[in-house]
Amino acid sequence: MKRHIRLSGKQLIINGKYINFTEKVSDILVLDSVIIALDFDDKSANKDWLLNNVYGFDYEGNRIWVIQDIKEFDDSYKSTSYVGLFPKDNETIQVNDYWGKRFLVDIKTGRIADRDIDGRDW
């Protein structure tokens, strides 16, 4: 299957299927088994927090997961928007929240696997 993936403002286009988002899609990761999109625009006039704003899609454009709510992972964490995502390995990505916390996320399920503290002094 050919892979045609394109961003256009608040739309992600996967092999001809248009997916609409609340905000401008600020980042995508195109991995072997999943396309991961971050729905966040720090220049938006909408100042409401977009919670759970990381999504996984298959190559047919179907949403297969929404990131696990942080409160399900650890109810002591404050819910906030995610502002960055980075590939980690073949099974996980790293997401950064607004407060600078980093988490490892399973790319097949969207579940938070752990807190990422590598390279941090605190």
# chains A, B, ... in the order shown; residues from 1 in each chain; ligands from 1
$ select_by_dssp --residues "chain A" --states "strand (DSSP E)" --output "MDAnalysis selection string"
chainID A and resid 5:8 11:14 17:20 25:30 35:39 54:57 63:66 82:87 92:97 102:106 112:115
$ select_by_dssp --residues "chain A" --states "alpha helix (DSSP H)" --output "number ranges by chain"
A: 70-73
$ write_last_selection --atoms "N, CA and C atoms" --output "CSV table (one decimal), in the first residue's frame"
chain,number,residue,atom,x,y,z
A,70,ILE,N,-4.1,10.8,31.7
A,70,ILE,CA,-3.0,10.8,32.7
A,70,ILE,C,-3.5,10.4,34.1
A,71,LYS,N,-4.7,10.8,34.4
A,71,LYS,CA,-5.3,10.4,35.7
A,71,LYS,C,-5.5,8.9,35.9
A,72,GLU,N,-5.7,8.2,34.8
A,72,GLU,CA,-5.8,6.7,34.9
A,72,GLU,C,-4.4,6.1,35.2
A,73,PHE,N,-3.3,6.8,34.7
A,73,PHE,CA,-2.0,6.3,34.9
A,73,PHE,C,-1.5,6.6,36.3
$ residues_around --residues "range 5-17 of chain A" --least-positions-apart "6" --cutoff "12 Å" --atoms "only C-alpha atoms" --output "PyMOL selection string"
chain A and resi 23-31+34-41+44+55-63
$ write_last_selection --atoms "N, CA and C atoms" --output "mmCIF file, in the first residue's frame"
data_model
loop_
_atom_site.group_PDB
_atom_site.id
_atom_site.type_symbol
_atom_site.label_atom_id
_atom_site.label_comp_id
_atom_site.auth_asym_id
_atom_site.auth_seq_id
_atom_site.Cartn_x
_atom_site.Cartn_y
_atom_site.Cartn_z
ATOM 1 N N GLU A 23 -7.616 21.766 16.783
ATOM 2 C CA GLU A 23 -6.553 22.754 16.571
ATOM 3 C C GLU A 23 -5.686 22.313 15.397
ATOM 4 N N LYS A 24 -4.752 23.157 15.053
ATOM 5 C CA LYS A 24 -3.778 22.811 14.025
ATOM 6 C C LYS A 24 -2.952 21.629 14.519
ATOM 7 N N VAL A 25 -2.768 20.647 13.688
ATOM 8 C CA VAL A 25 -1.928 19.503 14.054
ATOM 9 C C VAL A 25 -0.486 19.984 14.042
ATOM 10 N N SER A 26 0.146 19.965 15.206
ATOM 11 C CA SER A 26 1.487 20.540 15.304
ATOM 12 C C SER A 26 2.593 19.536 14.999
ATOM 13 N N ASP A 27 2.279 18.245 15.064
ATOM 14 C CA ASP A 27 3.324 17.253 14.808
ATOM 15 C C ASP A 27 2.691 15.910 14.493
ATOM 16 N N ILE A 28 3.358 15.151 13.637
ATOM 17 C CA ILE A 28 2.962 13.759 13.409
ATOM 18 C C ILE A 28 4.219 12.892 13.407
ATOM 19 N N LEU A 29 4.041 11.659 13.818
ATOM 20 C CA LEU A 29 5.078 10.641 13.693
ATOM 21 C C LEU A 29 4.531 9.570 12.761
ATOM 22 N N VAL A 30 5.260 9.257 11.716
ATOM 23 C CA VAL A 30 4.865 8.212 10.779
ATOM 24 C C VAL A 30 5.750 7.007 11.067
ATOM 25 N N LEU A 31 5.159 6.003 11.704
ATOM 26 C CA LEU A 31 5.887 4.801 12.091
ATOM 27 C C LEU A 31 5.421 3.637 11.226
ATOM 28 N N VAL A 34 1.728 2.663 12.645
ATOM 29 C CA VAL A 34 0.772 3.662 13.128
ATOM 30 C C VAL A 34 1.255 5.066 12.757
ATOM 31 N N ILE A 35 0.293 5.959 12.596
ATOM 32 C CA ILE A 35 0.575 7.379 12.415
ATOM 33 C C ILE A 35 0.067 8.062 13.681
ATOM 34 N N ILE A 36 0.914 8.847 14.315
ATOM 35 C CA ILE A 36 0.548 9.484 15.579
ATOM 36 C C ILE A 36 0.503 10.992 15.358
ATOM 37 N N ALA A 37 -0.610 11.595 15.787
ATOM 38 C CA ALA A 37 -0.816 13.029 15.582
ATOM 39 C C ALA A 37 -0.957 13.749 16.917
ATOM 40 N N LEU A 38 -0.375 14.940 16.988
ATOM 41 C CA LEU A 38 -0.478 15.814 18.150
ATOM 42 C C LEU A 38 -1.352 17.004 17.774
ATOM 43 N N ASP A 39 -2.500 17.130 18.421
ATOM 44 C CA ASP A 39 -3.481 18.189 18.165
ATOM 45 C C ASP A 39 -3.226 19.329 19.142
ATOM 46 N N PHE A 40 -2.320 20.241 18.770
ATOM 47 C CA PHE A 40 -1.948 21.325 19.675
ATOM 48 C C PHE A 40 -1.425 22.508 18.873
ATOM 49 N N ASP A 41 -1.917 23.703 19.197
ATOM 50 C CA ASP A 41 -1.443 24.919 18.558
ATOM 51 C C ASP A 41 -1.261 25.979 19.636
ATOM 52 N N SER A 44 -3.038 29.400 19.192
ATOM 53 C CA SER A 44 -4.489 29.414 19.040
ATOM 54 C C SER A 44 -5.145 30.422 19.983
ATOM 55 N N TYR A 55 -3.213 11.150 19.218
ATOM 56 C CA TYR A 55 -4.073 10.146 18.590
ATOM 57 C C TYR A 55 -3.261 9.228 17.689
ATOM 58 N N GLY A 56 -3.633 7.950 17.660
ATOM 59 C CA GLY A 56 -3.015 6.987 16.769
ATOM 60 C C GLY A 56 -3.984 6.603 15.666
ATOM 61 N N PHE A 57 -3.472 6.519 14.428
ATOM 62 C CA PHE A 57 -4.278 6.165 13.264
ATOM 63 C C PHE A 57 -3.611 5.034 12.493
ATOM 64 N N ASP A 58 -4.444 4.189 11.872
ATOM 65 C CA ASP A 58 -3.880 3.191 10.971
ATOM 66 C C ASP A 58 -3.722 3.826 9.590
ATOM 67 N N TYR A 59 -3.188 3.066 8.638
ATOM 68 C CA TYR A 59 -2.917 3.607 7.311
ATOM 69 C C TYR A 59 -4.154 3.701 6.422
ATOM 70 N N GLU A 60 -5.308 3.338 6.950
ATOM 71 C CA GLU A 60 -6.573 3.566 6.255
ATOM 72 C C GLU A 60 -7.243 4.841 6.767
ATOM 73 N N GLY A 61 -6.619 5.502 7.739
ATOM 74 C CA GLY A 61 -7.147 6.741 8.283
ATOM 75 C C GLY A 61 -8.112 6.543 9.434
ATOM 76 N N ASN A 62 -8.186 5.338 9.970
ATOM 77 C CA ASN A 62 -9.065 5.064 11.112
ATOM 78 C C ASN A 62 -8.331 5.372 12.411
ATOM 79 N N ARG A 63 -9.013 6.084 13.317
ATOM 80 C CA ARG A 63 -8.415 6.327 14.631
ATOM 81 C C ARG A 63 -8.467 5.025 15.411
#
$ closest_residue --among "A:Val105, A:Ile67, A:Ile112, A:Leu85" --to "Val54 in chain A" --atoms "only C-alpha atoms"
A:Ile67
$ residues_around --residues "range 89-100 of chain A" --least-positions-apart "3" --cutoff "9 Å" --atoms "only C-alpha atoms" --output "list of chain:residue names"
A:Leu31, A:Asp32, A:Val54, A:Ser79, A:Thr80, A:Ser81, A:Tyr82, A:Val83, A:Gly84, A:Leu85, A:Phe86, A:Phe103, A:Leu104, A:Val105, A:Asp106, A:Ile107, A:Lys108, A:Ala113, A:Asp116
$ atom_distance --atom1 "CA of Thr109 in chain A" --atom2 "CA of Ser33 in chain A"
11.5 Å
$ closest_residue --among "A:Asn53, A:Gly110, A:Asp118, A:Phe21" --to "Gln68 in chain A" --atoms "only C-alpha atoms"
A:Gly110
$ atom_distance --atom1 "CA of Val66 in chain A" --atom2 "CA of Lys101 in chain A"
18.6 Å
